[in-house]
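Below is one structure, written out as structure tokens; the observations come after it.
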Amino acid sequence: MTPRFSLYLFTAATLLSHAGTADDTFTLDPNHTDIGFAVTHMVINKVNGKFKEHEGELVINDRGRLTAARAVIKTASINTEIQARDDHLRSADFLSVEAFPEMTFESTRVRRRFGKNAMIGKLTIRDVTRRVVLWYQLKGPITDPWGNRRVGFEASTTISRADFGLTWNQVLESGGLMVGDEIEISINLEAIAEE
């Protein structure tokens, strides 16, 4: 058997062994998904909130590795537990939810950086798109008591709200700003495999 023919057989066997395998798509479970944020308030404290309406998908390959993700978040679903503040955040000063009802994330690549899992993608808020890096952990998949395959996903990142045109602020008597520029984003979710 010639080396060239051996290489041909090896290549063919490799292709056949992967035939029929495909990446699996997992859909976000809205009952077990939390997309939260924190921002500095008047220099001395942090305000926490979350978005309650969202949808999205994770794509996982046959080796159990995350390869892609996308998400759509309804901006009007912002909730900090204080109605007046939420109304202000929905206004043109911040998210302008009537003009921009959704913000989106779409991954462009997944890699290891500094010994951690990093998902690089495009985040769009108020029609402004910026590159962001999500540091994440993927857990599972497991099979739940109802026979569904599930994964868990935890991620975090920090963005500058000014990068997205969210520049409203007030100067305090002390010289500090009412609202900090950095927004810490945290994501904890479960997703279910599409059958």
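Lettering and numbering for the structure tokens are positional, with chains as A, B, ... in the shown order, residues counted from 1 in each chain, and ligands counted from 1 in the shown order.
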
For Gly56 in chain A, find every residue with an atom within 8 Å (counting only C-alpha atoms), except residues of its own chain fewer than 6 positions away, and show them as a short mmCIF file (atom, residue, chain, number, x, y, z; two decimals) with N, CA and C atoms, in the first residue's frame.
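Result file result.cif:
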data_model
loop_
_atom_site.label_atom_id
_atom_site.label_comp_id
_atom_site.auth_asym_id
_atom_site.auth_seq_id
_atom_site.Cartn_x
_atom_site.Cartn_y
_atom_site.Cartn_z
N THR A 27 -31.83 26.33 22.84
CA THR A 27 -32.64 27.55 22.95
C THR A 27 -32.74 27.98 24.40
N LEU A 28 -32.59 29.28 24.65
CA LEU A 28 -32.67 29.80 26.02
C LEU A 28 -33.99 29.42 26.67
N ALA A 69 -23.24 31.94 19.56
CA ALA A 69 -24.38 32.35 20.38
C ALA A 69 -25.01 33.60 19.79
N ARG A 70 -26.28 33.75 20.04
CA ARG A 70 -26.99 34.98 19.66
C ARG A 70 -28.07 35.23 20.70
N ALA A 71 -28.41 36.50 20.88
CA ALA A 71 -29.46 36.86 21.84
C ALA A 71 -30.14 38.14 21.40
N VAL A 72 -31.42 38.23 21.70
CA VAL A 72 -32.22 39.43 21.48
C VAL A 72 -32.87 39.77 22.81
#

* Quick one: DSSP helix (DSSP H, G or I) residues in range 7-158 of chain A, as a VMD selection string? -> chain A and resid 7 to 18 75 to 77 83 to 90

* Structure fact -> Of A:Leu95, A:Met103, A:Ala193, A:Ile82, the one nearest to Arg149 in chain A when counting only C-alpha atoms is A:Ala193

* When distances are computed from only C-alpha atoms, which of A:His41, A:Arg65, A:His54, A:Lys122 shows the smallest separation from Arg85 in chain A? ->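 Closest to Arg85 in chain A of all the choices is A:His41.
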
* Using only C-alpha atoms, which residues sit within 10 Å of Ser107 in chain A once same-chain residues fewer than 6 positions away are excluded, as a list in words? ->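 With the cut-off at 10 Å, the set is Leu58, Thr67, Ala68, Ala69, Arg70, Ala71, Met119, Ile120, Gly121, Lys122, Leu123, Arg131, Val132, Val133 and Leu134 of chain A.
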
Can you spit out the residues from that selection as a PDB file, in the first residue's frame, using N, CA and C atoms?
ATOM      1  N   LEU A  58     -27.666  28.999  21.861  1.00  0.00           N
ATOM      2  CA  LEU A  58     -26.269  28.600  21.960  1.00  0.00           C
ATOM      3  C   LEU A  58     -26.054  27.456  20.985  1.00  0.00           C
ATOM      4  N   THR A  67     -19.702  26.995  20.214  1.00  0.00           N
ATOM      5  CA  THR A  67     -19.137  27.535  18.979  1.00  0.00           C
ATOM      6  C   THR A  67     -19.772  28.857  18.569  1.00  0.00           C
ATOM      7  N   ALA A  68     -20.985  29.149  19.035  1.00  0.00           N
ATOM      8  CA  ALA A  68     -21.653  30.387  18.632  1.00  0.00           C
ATOM      9  C   ALA A  68     -22.799  30.678  19.587  1.00  0.00           C
ATOM     10  N   ALA A  69     -23.240  31.940  19.564  1.00  0.00           N
ATOM     11  CA  ALA A  69     -24.384  32.352  20.382  1.00  0.00           C
ATOM     12  C   ALA A  69     -25.007  33.595  19.790  1.00  0.00           C
ATOM     13  N   ARG A  70     -26.280  33.752  20.039  1.00  0.00           N
ATOM     14  CA  ARG A  70     -26.992  34.975  19.659  1.00  0.00           C
ATOM     15  C   ARG A  70     -28.065  35.227  20.701  1.00  0.00           C
ATOM     16  N   ALA A  71     -28.409  36.500  20.883  1.00  0.00           N
ATOM     17  CA  ALA A  71     -29.455  36.859  21.836  1.00  0.00           C
ATOM     18  C   ALA A  71     -30.137  38.145  21.405  1.00  0.00           C
ATOM     19  N   MET A 119     -15.767  34.578  24.503  1.00  0.00           N
ATOM     20  CA  MET A 119     -16.624  34.688  23.328  1.00  0.00           C
ATOM     21  C   MET A 119     -16.590  36.131  22.854  1.00  0.00           C
ATOM     22  N   ILE A 120     -16.115  36.329  21.638  1.00  0.00           N
ATOM     23  CA  ILE A 120     -16.048  37.666  21.059  1.00  0.00           C
ATOM     24  C   ILE A 120     -17.283  37.849  20.182  1.00  0.00           C
ATOM     25  N   GLY A 121     -17.899  39.009  20.274  1.00  0.00           N
ATOM     26  CA  GLY A 121     -19.100  39.220  19.473  1.00  0.00           C
ATOM     27  C   GLY A 121     -19.448  40.679  19.311  1.00  0.00           C
ATOM     28  N   LYS A 122     -20.577  40.899  18.650  1.00  0.00           N
ATOM     29  CA  LYS A 122     -21.064  42.245  18.363  1.00  0.00           C
ATOM     30  C   LYS A 122     -22.297  42.518  19.211  1.00  0.00           C
ATOM     31  N   LEU A 123     -22.194  43.543  20.053  1.00  0.00           N
ATOM     32  CA  LEU A 123     -23.319  43.982  20.875  1.00  0.00           C
ATOM     33  C   LEU A 123     -23.878  45.265  20.269  1.00  0.00           C
ATOM     34  N   ARG A 131     -17.674  45.839  19.517  1.00  0.00           N
ATOM     35  CA  ARG A 131     -17.104  44.533  19.826  1.00  0.00           C
ATOM     36  C   ARG A 131     -17.003  44.379  21.343  1.00  0.00           C
ATOM     37  N   VAL A 132     -17.439  43.237  21.838  1.00  0.00           N
ATOM     38  CA  VAL A 132     -17.318  42.948  23.268  1.00  0.00           C
ATOM     39  C   VAL A 132     -16.760  41.539  23.446  1.00  0.00           C
ATOM     40  N   VAL A 133     -16.186  41.302  24.615  1.00  0.00           N
ATOM     41  CA  VAL A 133     -15.685  39.972  24.967  1.00  0.00           C
ATOM     42  C   VAL A 133     -16.439  39.488  26.197  1.00  0.00           C
ATOM     43  N   LEU A 134     -17.097  38.338  26.059  1.00  0.00           N
ATOM     44  CA  LEU A 134     -17.764  37.699  27.189  1.00  0.00           C
ATOM     45  C   LEU A 134     -16.858  36.591  27.721  1.00  0.00           C
TER      46      LEU A 134
END

* Write out as an MDAnalysis selection string the residues lying within 9 Å of Trp135 in chain A, counting only C-alpha atoms and excluding same-chain residues fewer than 6 positions away. => chainID A and resid 116:120 154:157

* Find, counting only C-alpha atoms, the residue in A:Gln137, A:Asn169, A:Gln83, A:Asn45 that gets nearest to Arg112 in chain A. =>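 Of the candidates, the smallest distance to Arg112 in chain A is held by A:Gln137.
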
* Asked: Of the residues A:Ile192, A:Ser186, A:Ser160, A:Arg150, which is the one nearest to Thr40 in chain A, using only C-alpha atoms?
  ->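 Using only C-alpha atoms, the shortest distance to Thr40 in chain A belongs to A:Ser160.
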
* Asked: If you measure from CA of Ile183 in chain A to CA of Met42 in chain A, what distance in Å do you get, rounded to one decimal?
  ->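 That distance, rounded to one decimal, is 14.0 Å.
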
* **Contacts of Gly49 in chain A at 9 Å (only C-alpha atoms; same-chain gap of 5+ positions) as a PyMOL selection string** => chain A and resi 35-39+78-81

* To do: Would you return as JSON, numbers by chain the members of chain A that DSSP assigns to strand (DSSP E) on this structure's backbone?
  => {"A": [24, 25, 26, 27, 28, 29, 30, 31, 32, 33, 34, 35, 36, 37, 38, 39, 40, 41, 45, 46, 47, 48, 49, 50, 51, 54, 55, 56, 57, 58, 59, 60, 66, 67, 68, 69, 70, 71, 72, 73, 74, 78, 79, 102, 103, 104, 105, 106, 107, 108, 109, 110, 111, 112, 113, 116, 117, 118, 119, 120, 121, 122, 123, 124, 125, 128, 129, 130, 131, 132, 133, 134, 135, 136, 137, 138, 139, 140, 141, 142, 143, 149, 150, 151, 152, 153, 154, 155, 156, 157, 158, 159, 160, 179, 180, 181, 182, 183, 184, 185, 186, 187, 188, 189, 190, 191, 192, 193]}
